[in-house]
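K.L.:
Got a file for you: target_16.cif, mmCIF, C-alpha atoms and all ligand atoms.
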data_model
#
loop_
_atom_site.label_atom_id
_atom_site.label_comp_id
_atom_site.auth_asym_id
_atom_site.auth_seq_id
_atom_site.Cartn_x
_atom_site.Cartn_y
_atom_site.Cartn_z
CA MET V 177 0.00 0.00 0.00
CA LYS V 178 1.32 3.37 -0.98
CA LEU V 179 1.05 6.39 1.28
CA LEU V 180 -1.00 8.05 -1.43
CA THR V 181 -3.64 5.36 -0.92
CA HIS V 182 -3.31 5.71 2.84
CA ASN V 183 -4.03 9.41 2.43
CA LEU V 184 -7.32 8.62 0.66
CA LEU V 185 -8.65 6.02 3.09
CA GLN V 186 -11.10 6.43 5.91
CA CYS V 187 -12.19 4.21 8.79
CA ILE V 188 -15.36 2.36 7.76
CA VAL V 189 -16.97 2.34 11.22
CA PRO V 190 -20.13 4.45 10.72
CA ALA V 191 -19.45 6.80 13.65
CA CYS V 192 -16.00 7.62 12.23
CA ARG V 193 -17.21 8.26 8.70
CA LYS V 194 -18.66 11.66 9.46
CA HIS V 195 -15.20 13.03 10.21
CA HIS V 196 -11.96 12.39 8.47
CA TYR V 197 -9.98 10.79 11.27
CA PRO V 198 -6.51 9.85 10.11
CA LEU V 199 -5.47 6.22 10.17
CA LYS V 200 -2.18 5.71 11.95
CA VAL V 201 0.05 3.50 9.82
CA THR V 202 2.73 1.16 11.12
CA ALA V 203 4.95 -1.18 9.13
CA SER V 204 7.10 -4.20 9.86
CA LEU V 205 8.14 -4.52 6.22
CA LEU V 206 8.59 -1.74 3.68
CA ASN V 207 9.54 -1.92 0.04
CA VAL V 208 10.88 0.85 -2.16
CA GLU V 209 9.63 0.84 -5.74
CA GLU V 210 11.89 2.53 -8.26
CA ASN V 211 9.16 4.41 -10.08
CA PRO V 212 10.45 7.10 -12.45
CA PHE V 213 9.87 10.62 -11.10
CA ASP V 214 6.81 12.31 -12.54
CA ALA V 215 6.66 16.00 -11.60
CA ILE V 216 3.19 16.50 -13.07
CA PHE V 217 1.80 13.60 -11.07
CA ALA V 218 3.34 14.94 -7.87
CA SER V 219 2.15 18.51 -8.34
CA ARG V 220 -1.38 17.46 -9.31
CA MET V 221 -1.57 15.15 -6.30
CA LEU V 222 -0.30 17.89 -4.01
CA GLU V 223 -3.64 19.68 -4.42
CA ARG V 224 -5.50 16.55 -3.37
CA LEU V 225 -3.44 15.44 -0.39
CA GLU V 226 -3.99 16.01 3.29
CA TYR V 227 -0.40 17.07 3.73
CA ASN V 228 -0.30 16.84 7.51
CA ILE V 229 -1.57 13.27 7.43
CA LEU V 230 1.01 12.36 4.81
CA LEU V 231 3.77 14.03 6.79
CA GLU V 232 2.94 12.15 9.98
CA ALA V 233 2.67 8.81 8.19
CA TYR V 234 5.83 9.33 6.17
CA ASN V 235 7.91 10.52 9.11
CA SER V 236 6.86 7.49 11.12
CA LEU V 237 8.05 5.14 8.35
CA ARG V 238 10.98 7.01 6.80
CA GLN V 239 14.34 5.32 7.00
CA ASP V 240 17.81 6.83 6.99
CA GLY V 241 18.87 8.09 3.60
CA GLN V 242 15.32 8.55 2.34
CA PRO V 243 14.24 12.06 1.32
CA GLU V 244 12.83 14.38 3.98
CA LEU V 245 9.52 16.21 3.69
CA PRO V 246 9.36 19.77 5.05
CA PRO V 247 6.94 20.43 7.94
CA ALA V 248 4.75 22.49 5.62
CA VAL V 249 4.26 22.69 1.85
CA PRO V 250 6.69 25.29 0.46
CA GLU V 251 5.08 28.34 -1.11
CA ASP V 252 6.37 27.30 -4.51
CA GLY V 253 5.55 23.63 -3.75
CA ALA V 254 3.74 22.90 -7.00
CA SER V 255 6.81 23.88 -9.03
CA ASN V 256 9.64 23.15 -6.59
CA GLU V 257 11.44 20.20 -8.19
CA VAL V 258 13.33 19.14 -5.06
CA PHE V 259 10.17 19.18 -2.96
CA LEU V 260 8.17 17.36 -5.65
CA GLN V 261 10.82 14.64 -5.83
CA SER V 262 10.56 14.04 -2.08
CA LEU V 263 6.77 14.13 -2.28
CA PHE V 264 6.78 11.68 -5.19
CA PHE V 265 8.97 9.29 -3.24
CA ALA V 266 6.71 9.53 -0.18
CA ILE V 267 3.40 9.01 -1.96
CA ASN V 268 4.35 6.75 -4.85
CA CYS V 269 7.54 4.81 -4.16
CA LEU V 270 7.31 3.71 -0.54
CA ASP V 271 5.17 0.59 -0.26
CA VAL V 272 3.92 -0.80 3.06
CA VAL V 273 4.18 -4.55 2.54
CA GLU V 274 3.39 -5.76 6.06
CA GLY V 275 1.83 -3.56 8.73
CA ALA V 276 -1.41 -2.09 9.92
CA MET V 277 -3.56 1.02 10.01
CA THR V 278 -5.26 2.00 13.25
CA CYS V 279 -8.17 4.42 13.41
CA SER V 280 -7.20 7.38 15.57
CA SER V 281 -10.79 7.66 16.79
CA CYS V 282 -12.25 4.20 17.42
CA GLY V 283 -9.03 2.18 17.52
CA ARG V 284 -10.13 -0.33 14.91
CA ILE V 285 -7.13 -2.03 13.29
CA TYR V 286 -6.90 -2.70 9.57
CA PRO V 287 -4.10 -5.16 8.82
CA ILE V 288 -1.86 -4.78 5.77
CA HIS V 289 -0.55 -8.05 4.36
CA ASN V 290 1.28 -8.55 1.05
CA SER V 291 0.84 -4.79 0.42
CA ILE V 292 -2.94 -5.15 0.62
CA PRO V 293 -4.86 -3.36 3.39
CA ASN V 294 -7.91 -5.27 4.56
CA MET V 295 -10.86 -2.94 5.10
CA ILE V 296 -13.65 -5.40 4.57
CA VAL V 297 -17.01 -5.04 6.31
CA ARG V 298 -18.44 -8.24 7.67
CA ALA V 299 -22.05 -8.55 8.78
CA ILE V 300 -20.92 -11.06 11.40
CA GLU V 301 -19.26 -8.23 13.29
CA GLY V 302 -22.71 -6.82 13.90
CA GLU V 303 -22.11 -3.64 11.97
CA GLN V 304 -24.59 -1.95 9.73
CA PRO V 305 -23.80 -2.30 6.05
CA PRO V 306 -22.34 0.90 4.62
CA GLN V 307 -25.17 1.23 2.14
CA SER V 308 -28.36 -0.74 2.07
CA ILE V 309 -29.22 -2.83 -0.91
CA GLU V 310 -31.94 -1.05 -2.76
CA LYS V 311 -35.10 -2.89 -3.55
CA GLU V 312 -36.54 -1.45 -6.69
CA GLN V 313 -40.05 -2.71 -6.92
CA GLU V 314 -40.98 -0.24 -9.63
CA ASP V 315 -38.98 -2.41 -12.06
CA GLU V 316 -41.88 -4.79 -12.36
CA GLU V 317 -43.94 -2.43 -14.48
CA GLU V 318 -41.11 -1.58 -16.81
CA GLU V 319 -40.03 -5.08 -17.65
CA GLU V 320 -41.98 -5.32 -20.88
CA SER V 321 -40.22 -2.38 -22.46
CA GLU V 322 -36.89 -4.25 -22.43
CA ASN V 323 -37.72 -6.71 -25.17
CA MET L 154 -4.56 0.08 -36.26
CA THR L 155 -2.62 -2.47 -34.27
CA ARG L 156 -4.50 -3.80 -31.32
CA CYS L 157 -3.15 -3.47 -27.82
CA PRO L 158 -1.97 -6.86 -26.61
CA ILE L 159 -3.89 -8.53 -23.81
CA PRO L 160 -1.90 -8.37 -20.56
CA GLU L 161 -0.07 -11.42 -19.30
CA TYR L 162 -1.18 -13.09 -16.11
CA VAL L 163 0.06 -15.90 -13.92
CA ARG L 164 -1.63 -19.22 -14.62
CA PRO L 165 -3.32 -21.14 -13.21
CA LEU L 166 -5.44 -18.56 -11.42
CA PRO L 167 -6.67 -19.41 -7.92
CA GLU L 168 -10.06 -21.11 -8.02
CA SER L 169 -11.80 -18.18 -6.36
CA VAL L 170 -10.65 -15.70 -9.04
CA TYR L 171 -12.88 -15.12 -12.06
CA PRO L 172 -10.86 -16.13 -15.12
CA PRO L 173 -10.66 -13.76 -18.11
CA SER L 174 -13.79 -14.40 -20.15
CA GLU L 175 -15.84 -12.87 -22.95
CA ASP L 176 -16.89 -9.92 -20.79
CA THR L 177 -13.25 -9.22 -19.89
CA PHE L 178 -12.27 -9.11 -23.56
CA LEU L 179 -15.29 -6.97 -24.46
CA PHE L 180 -14.21 -4.57 -21.71
CA MET L 181 -10.69 -4.24 -23.06
CA ASP L 182 -11.90 -3.77 -26.65
CA ALA L 183 -14.23 -1.01 -25.48
CA LEU L 184 -11.48 0.73 -23.52
CA GLU L 185 -9.33 0.73 -26.61
CA LYS L 186 -12.18 2.34 -28.52
CA GLU L 187 -12.52 4.93 -25.75
CA ARG L 188 -8.82 5.70 -25.42
CA ASN L 189 -8.94 9.14 -27.05
CA HIS L 190 -11.88 10.20 -24.91
CA ILE L 191 -10.19 8.98 -21.74
CA GLN L 192 -6.93 10.72 -22.55
CA THR L 193 -8.82 13.97 -23.20
CA LEU L 194 -10.16 13.75 -19.64
CA ASN L 195 -6.59 13.79 -18.30
CA PRO L 196 -7.64 11.53 -15.43
CA LEU L 197 -5.88 11.69 -12.07
CA PHE L 198 -7.77 8.93 -10.24
CA ALA L 199 -8.89 5.73 -11.97
CA CYS L 200 -10.11 2.60 -10.26
CA GLU L 201 -11.50 -0.81 -10.95
CA ILE L 202 -14.19 -2.07 -8.57
CA GLY L 203 -14.08 -5.84 -8.22
CA CYS L 204 -10.82 -6.33 -10.11
CA GLY L 205 -10.74 -10.16 -10.21
CA SER L 206 -7.64 -11.23 -12.14
CA GLY L 207 -6.59 -7.61 -12.59
CA LEU L 208 -6.47 -7.92 -16.36
CA ILE L 209 -8.76 -4.97 -17.06
CA VAL L 210 -7.09 -2.51 -14.70
CA SER L 211 -3.62 -3.60 -15.89
CA PHE L 212 -4.72 -3.16 -19.51
CA PHE L 213 -6.06 0.27 -18.60
CA ALA L 214 -2.87 1.30 -16.80
CA LYS L 215 -0.62 0.01 -19.58
CA HIS L 216 -2.41 1.07 -22.75
CA ILE L 217 -5.19 3.55 -21.97
CA ALA L 218 -4.31 5.81 -19.03
CA PRO L 219 -2.06 8.79 -19.58
CA GLN L 220 1.13 8.79 -17.53
CA SER L 221 0.03 10.94 -14.59
CA CYS L 222 -2.95 8.82 -13.57
CA PHE L 223 -3.13 6.92 -10.30
CA CYS L 224 -4.71 3.50 -10.81
CA PHE L 225 -6.08 1.47 -7.95
CA ALA L 226 -8.31 -1.54 -7.60
CA THR L 227 -10.64 -2.98 -4.99
CA ASP L 228 -12.18 -6.39 -4.41
CA ILE L 229 -13.77 -8.18 -1.48
CA ASN L 230 -11.70 -11.28 -2.24
CA ASP L 231 -8.11 -11.07 -1.06
CA GLU L 232 -7.00 -13.68 -3.61
CA CYS L 233 -8.20 -11.38 -6.40
CA LEU L 234 -6.03 -8.58 -5.05
CA LEU L 235 -2.98 -10.83 -4.78
CA THR L 236 -3.61 -11.91 -8.36
CA THR L 237 -4.09 -8.30 -9.49
CA LYS L 238 -0.79 -7.38 -7.81
CA SER L 239 1.04 -10.06 -9.73
CA THR L 240 -0.79 -9.28 -12.99
CA SER L 241 0.13 -5.60 -12.72
CA LYS L 242 3.73 -6.42 -11.83
CA ILE L 243 4.37 -8.75 -14.75
CA ASN L 244 2.90 -6.09 -17.04
CA LYS L 245 5.14 -3.44 -15.45
CA VAL L 246 2.35 -1.12 -14.34
CA CYS L 247 1.51 0.31 -10.91
CA VAL L 248 -1.87 -0.62 -9.45
CA ASP L 249 -2.45 -0.20 -5.72
CA THR L 250 -4.93 -2.73 -4.34
CA ILE L 251 -7.32 -2.52 -1.39
CA CYS L 252 -9.50 -5.26 0.07
CA CYS L 253 -12.83 -3.53 0.69
CA ASP L 254 -16.50 -3.34 -0.20
CA LEU L 255 -16.86 -1.37 -3.48
CA LEU L 256 -15.23 2.03 -2.73
CA THR L 257 -16.53 2.46 0.81
CA PRO L 258 -13.30 3.50 2.62
CA PHE L 259 -12.49 6.08 -0.08
CA LEU L 260 -15.40 8.27 0.88
CA PRO L 261 -15.41 11.11 1.75
CA ARG L 262 -11.80 11.66 0.61
CA LEU L 263 -12.51 10.87 -3.03
CA TYR L 264 -15.92 12.53 -3.05
CA ARG L 265 -16.65 13.47 -6.69
CA SER L 266 -13.00 12.93 -7.52
CA ILE L 267 -12.78 9.70 -9.46
CA ASP L 268 -12.23 10.32 -13.16
CA VAL L 269 -12.56 6.76 -14.46
CA ILE L 270 -14.42 3.86 -12.86
CA LEU L 271 -14.10 0.38 -14.37
CA PHE L 272 -16.67 -2.12 -13.19
CA ASN L 273 -17.36 -5.64 -14.44
CA PRO L 274 -19.98 -6.48 -11.82
CA PRO L 275 -21.44 -9.74 -10.60
CA TYR L 276 -24.35 -9.48 -13.03
CA VAL L 277 -25.91 -12.94 -13.13
CA PRO L 278 -29.51 -12.93 -11.83
CA THR L 279 -29.63 -15.13 -8.73
CA ASP L 280 -31.86 -15.59 -5.72
CA GLU L 281 -31.25 -13.64 -2.52
CA VAL L 282 -29.56 -16.57 -0.80
CA GLU L 283 -26.87 -16.85 -3.45
CA LEU L 284 -26.25 -13.12 -3.29
CA MET L 285 -26.04 -13.05 0.50
CA ASN L 286 -23.75 -16.06 0.64
CA SER L 287 -21.27 -14.26 -1.61
CA GLN L 288 -21.20 -10.85 0.10
CA PRO L 289 -19.26 -10.45 3.38
CA PHE L 290 -21.27 -7.44 4.51
CA LEU L 291 -24.45 -9.51 4.20
CA GLY L 292 -22.94 -12.31 6.27
CA GLY L 293 -21.55 -14.36 3.39
CA THR L 294 -18.06 -15.40 2.39
CA GLU L 295 -16.11 -13.99 -0.52
CA GLY L 296 -15.24 -16.46 -3.24
CA ILE L 297 -15.84 -17.23 -6.90
CA ALA L 298 -19.62 -16.64 -6.45
CA SER L 299 -18.82 -13.04 -5.50
CA SER L 300 -17.74 -12.55 -9.11
CA TRP L 301 -21.11 -13.48 -10.60
CA ALA L 302 -23.97 -13.60 -8.05
CA GLY L 303 -25.99 -10.46 -8.73
CA GLY L 304 -29.28 -11.08 -6.91
CA ARG L 305 -32.50 -9.70 -8.33
CA ASP L 306 -32.15 -8.99 -12.09
CA GLY L 307 -28.42 -9.46 -11.48
CA MET L 308 -28.43 -5.80 -10.46
CA GLU L 309 -28.16 -5.68 -6.67
CA VAL L 310 -24.42 -5.04 -6.52
CA THR L 311 -24.42 -2.87 -9.65
CA ASN L 312 -27.24 -0.75 -8.21
CA ARG L 313 -25.17 0.00 -5.12
CA VAL L 314 -22.50 1.48 -7.38
CA LEU L 315 -24.94 3.29 -9.69
CA ASN L 316 -26.82 4.77 -6.73
CA ASP L 317 -23.59 6.29 -5.43
CA LEU L 318 -22.16 7.49 -8.76
CA ASP L 319 -22.88 11.10 -7.86
CA MET L 320 -20.58 10.75 -4.85
CA TYR L 321 -17.79 9.01 -6.75
CA LEU L 322 -17.55 10.59 -10.20
CA SER L 323 -15.65 13.82 -10.84
CA GLU L 324 -17.39 16.46 -12.91
CA ASN L 325 -16.24 15.02 -16.23
CA GLY L 326 -15.75 11.53 -14.88
CA VAL L 327 -16.88 8.38 -16.64
CA ALA L 328 -17.88 4.93 -15.44
CA TYR L 329 -17.54 1.91 -17.73
CA VAL L 330 -19.80 -0.97 -16.73
CA ILE L 331 -20.67 -4.39 -18.16
CA LEU L 332 -24.39 -5.16 -18.38
CA LEU L 333 -26.40 -8.12 -19.59
CA GLN L 334 -29.67 -7.95 -21.46
CA ALA L 335 -31.19 -9.59 -18.36
CA ASN L 336 -30.11 -6.56 -16.31
CA LYS L 337 -32.64 -4.48 -18.32
CA PRO L 338 -30.36 -1.83 -19.74
CA LYS L 339 -33.25 0.34 -20.94
CA THR L 340 -34.66 0.55 -17.44
CA ILE L 341 -31.23 1.39 -16.07
CA THR L 342 -30.82 4.11 -18.70
CA GLN L 343 -34.12 5.72 -17.67
CA LYS L 344 -33.30 5.60 -13.99
CA LEU L 345 -29.87 7.09 -14.50
CA LYS L 346 -31.34 9.85 -16.65
CA ALA L 347 -33.70 10.79 -13.83
CA ARG L 348 -30.66 11.09 -11.59
CA GLY L 349 -28.72 13.28 -14.03
CA PHE L 350 -26.60 10.68 -15.83
CA LYS L 351 -26.39 9.58 -19.42
CA LEU L 352 -25.79 5.95 -20.35
CA THR L 353 -24.53 5.04 -23.81
CA VAL L 354 -23.52 1.69 -25.24
CA VAL L 355 -19.87 1.57 -26.30
CA LEU L 356 -19.88 -2.04 -27.53
CA LYS L 357 -22.24 -4.97 -27.45
CA ARG L 358 -21.52 -8.57 -28.26
CA SER L 359 -23.39 -11.86 -28.19
CA SER L 360 -21.78 -14.36 -25.90
CA GLN L 361 -22.66 -18.01 -25.63
CA LEU L 362 -25.30 -17.30 -23.04
CA GLU L 363 -26.28 -13.68 -23.22
CA LEU L 364 -26.08 -10.38 -25.00
CA LEU L 365 -23.31 -8.41 -23.27
CA TYR L 366 -23.06 -4.63 -23.22
CA LEU L 367 -20.20 -2.39 -22.25
CA VAL L 368 -21.77 0.95 -21.37
CA LYS L 369 -20.36 4.30 -20.36
CA ILE L 370 -22.06 6.56 -17.87
CA VAL L 371 -21.36 10.28 -17.61
CA ARG L 372 -23.03 13.27 -16.00
CA LEU L 373 -25.65 15.13 -18.06
CA LYS L 374 -24.65 18.39 -16.39
CA PRO L 375 -22.23 19.57 -13.69
CA PRO L 376 -23.10 18.21 -10.22
CA HIS L 377 -25.01 20.27 -7.68
CA PRO L 378 -22.60 21.68 -5.11
ZN ZN V 401 -12.72 4.44 13.43
#
Can I see the file as structure tokens?
P.N.:
Amino acid sequence: MKLLTHNLLQCIVPACRKHHYPLKVTASLLNVEENPFDAIFASRMLERLEYNILLEAYNSLRQDGQPELPPAVPEDGASNEVFLQSLFFAINCLDVVEGAMTCSSCGRIYPIHNSIPNMIVRAIEGEQPPQSIEKEQEDEEEEESEN
Amino acid sequence: MTRCPIPEYVRPLPESVYPPSEDTFLFMDALEKERNHIQTLNPLFACEIGCGSGLIVSFFAKHIAPQSCFCFATDINDECLLTTKSTSKINKVCVDTICCDLLTPFLPRLYRSIDVILFNPPYVPTDEVELMNSQPFLGGTEGIASSWAGGRDGMEVTNRVLNDLDMYLSENGVAYVILLQANKPKTITQKLKARGFKLTVVLKRSSQLELLYLVKIVRLKPPHP
């Protein structure tokens, strides 16, 4: 799981969904993908990121020798090549292979295994489904028009 | 025009992963036909819901998406995501994979932000029991039936996505979806129109069992704020 994906995810527990609580990410195994730097990708993503959440996640995982992210987005961030390279590395090269994400509000843990976070909802846990399955009775009348 | 080659994948696939079939190939042919349109959109976020073997999203990432597009894929079946990881790797494309129900954990962060949605749903009409047994959030277990059991009219899973399109799709975003004749495409078209979306058929093809459609769904007008 890339930190870009982490930045887009939200705890699925209904009470947490109203607010965007960050998921705290931990890793026991990280991989670095050698993806070629793409400045346009990084600068377009910059507008979409929650930078503070990225910063906290990245700083908690960053290893010696890996690029540093500044505590705030530089004023010229969208065109600052050095910054964009660090950002690109953080969001698109670092891969959490084994680890977990923990909701900072309810404490629910989402394991990450083989780079895949598991955020499945199971009815057996007694939770409400995220959306109800719609019963569309009005279909009955329209069926004839299909043929 | 030379056709884009079909991505490689590791064989044999696990038993719980839907193997590439006529609908998969129809999907890829349609994406190729839509390539110019998709590139014009300059997509930033593209995702496949229910990625199965990962062939469609890998094809999209390799041949259709422009460079600066983030591709990700979801499925309720972990084996599908492992397979999609390996399919994307052997085709040298990046696809991040998440085990989840449809796109649930991506809201609200990707609210009206997804530029391209790819969805080959479980579209086979089944009874309620078969549907429930295949859907974890209804108490069932994910497996091969999750790739085909569609409940009433084969539309129960598809409807959950179509009902939420307004929350997922960016202003100029597009969803590509496989439908069967048994799913009643005309009815779906009317319902979507009432909700502000336009459905058009990109390709249709007779398969051994059914008439298959690959449709695209876009907004009729910009979304209400
Ligand atoms: Zn939570």
K.L.:
As a PyMOL selection string, could you give me every residue of chain L near chain V (at most 8 Å apart, counting all atoms listed in the file)?
P.N.:
chain L and resi 197+221-222+229+234-235+249-254+257-263+289-293+309-310+312-313+337-340
K.L.:
Dig up all the protein and nucleic acid residues within 7 Å of (-17.2, 7.7, -4.6) in the file frame, using only C-alpha atoms, and format them as a ChimeraX atom specification.
P.N.:
/L:256,259-260,263-265,267,317-318,320-322
K.L.:
Which neighbours of Met181 in chain L fall inside 12 Å, counting all atoms listed in the file, when residues of the same chain fewer than 5 positions from it are skipped, and could you give them as a ChimeraX atom specification?
P.N.:
/L:156-160,173-176,186-188,207-217,271-273,329-331,355-356,367
K.L.:
Show me, as JSON lines, the residues of chain V having an atom within 6 Å of ligand ZN 401 (chain V), each with the closest atom pair and its distance in Å, using all atoms listed in the file.
P.N.:
{"residue": "V:Cys187", "atom": "CA", "partner": "V:ZN401", "partner_atom": "ZN", "distance": 4.7}
{"residue": "V:Val189", "atom": "CA", "partner": "V:ZN401", "partner_atom": "ZN", "distance": 5.2}
{"residue": "V:Cys192", "atom": "CA", "partner": "V:ZN401", "partner_atom": "ZN", "distance": 4.7}
{"residue": "V:Cys279", "atom": "CA", "partner": "V:ZN401", "partner_atom": "ZN", "distance": 4.6}
{"residue": "V:Ser281", "atom": "CA", "partner": "V:ZN401", "partner_atom": "ZN", "distance": 5.0}
{"residue": "V:Cys282", "atom": "CA", "partner": "V:ZN401", "partner_atom": "ZN", "distance": 4.0}
{"residue": "V:Gly283", "atom": "CA", "partner": "V:ZN401", "partner_atom": "ZN", "distance": 6.0}
{"residue": "V:Arg284", "atom": "CA", "partner": "V:ZN401", "partner_atom": "ZN", "distance": 5.6}
K.L.:
Could you please determine the separation between CA of Tyr171 in chain L and CA of Leu364 in chain L in Å, to one decimal place?
P.N.:
19.1 Å
K.L.:
So that all listed atoms of range 258-277 of chain L fit with 3 Å spare on each side, what axis-aligned box centre and edge lengths in Å, to one decimal, would you give as AutoDock Vina command-line options?
P.N.:
--center_x -18.9 --center_y 0.3 --center_z -5.9 --size_x 20.1 --size_y 32.4 --size_z 23.1
K.L.:
Quick one, how far is CA of Thr177 in chain L from CA of Ser206 in chain L?
P.N.:
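CA of Ser206 in chain L lies 9.8 Å from CA of Thr177 in chain L.
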K.L.:
Point out the residue among L:Cys224, L:Glu161, L:Pro219, L:Asn195 with the least atom-to-atom distance to Thr240 in chain L, counting only C-alpha atoms.
P.N.:
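When distances to Thr240 in chain L are compared using only C-alpha atoms, the smallest one comes from L:Glu161.
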K.L.:
Between V:Ala248, V:Ala276, V:Ile285, V:Cys269, single out the one closest to Leu222 in chain V, counting all atoms listed in the file.
P.N.:
V:Ala248
K.L.:
Work out how far apart CA of Phe225 in chain L and CA of Pro378 in chain L are and give it in Å to one decimal.
P.N.:
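One can read the CA of Phe225 in chain L to CA of Pro378 in chain L distance as 26.3 Å.
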K.L.:
Tell me which residues come within 12 Å of (-2.1, 16.6, 8.5), as a PyMOL selection string, counting all atoms listed in the file in the file's coordinates.
P.N.:
chain V and resi 183+196-200+225-235+247-249
K.L.:
Contacts of His190 in chain L at 12 Å or less, counting all atoms listed in the file, minus same-chain residues fewer than 4 places along, as a compact mmCIF listing (two decimals) with C-alpha atoms, in the coordinates of the input?
P.N.:
# COMPACT_ATOMS: atom_id res chain seq x y z
CA ALA L 183 -14.23 -1.01 -25.48
CA LEU L 184 -11.48 0.73 -23.52
CA GLU L 185 -9.33 0.73 -26.61
CA LYS L 186 -12.18 2.34 -28.52
CA LEU L 194 -10.16 13.75 -19.64
CA ASN L 195 -6.59 13.79 -18.30
CA PRO L 196 -7.64 11.53 -15.43
CA ILE L 217 -5.19 3.55 -21.97
CA ALA L 218 -4.31 5.81 -19.03
CA PRO L 219 -2.06 8.79 -19.58
CA ASP L 268 -12.23 10.32 -13.16
CA VAL L 269 -12.56 6.76 -14.46
CA ASN L 325 -16.24 15.02 -16.23
CA GLY L 326 -15.75 11.53 -14.88
CA VAL L 327 -16.88 8.38 -16.64
CA VAL L 355 -19.87 1.57 -26.30
CA LYS L 369 -20.36 4.30 -20.36
CA VAL L 371 -21.36 10.28 -17.61
K.L.:
Could you name the residues that touch Gly303 in chain L at 8 Å or less, counting all atoms listed in the file, but leaving out those on the same chain fewer than 5 positions away, as a VMD selection string?
P.N.:
chain L and resid 274 to 279 284 308 to 311
K.L.:
Considering only C-alpha atoms, state which residue in the set L:Asp306, L:Phe180, L:Asp231, L:Leu333 is at the smallest distance from Ser360 in chain L.
P.N.:
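Using only C-alpha atoms, the shortest distance to Ser360 in chain L belongs to L:Leu333.
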K.L.:
Can you list, as a PyMOL selection string, every protein, DNA or RNA residue that comes within 10 Å of Ser262 in chain V when you count all atoms listed in the file, leaving out same-chain residues fewer than 4 positions away?
P.N.:
chain V and resi 213+218+242-246+257-258+266-269
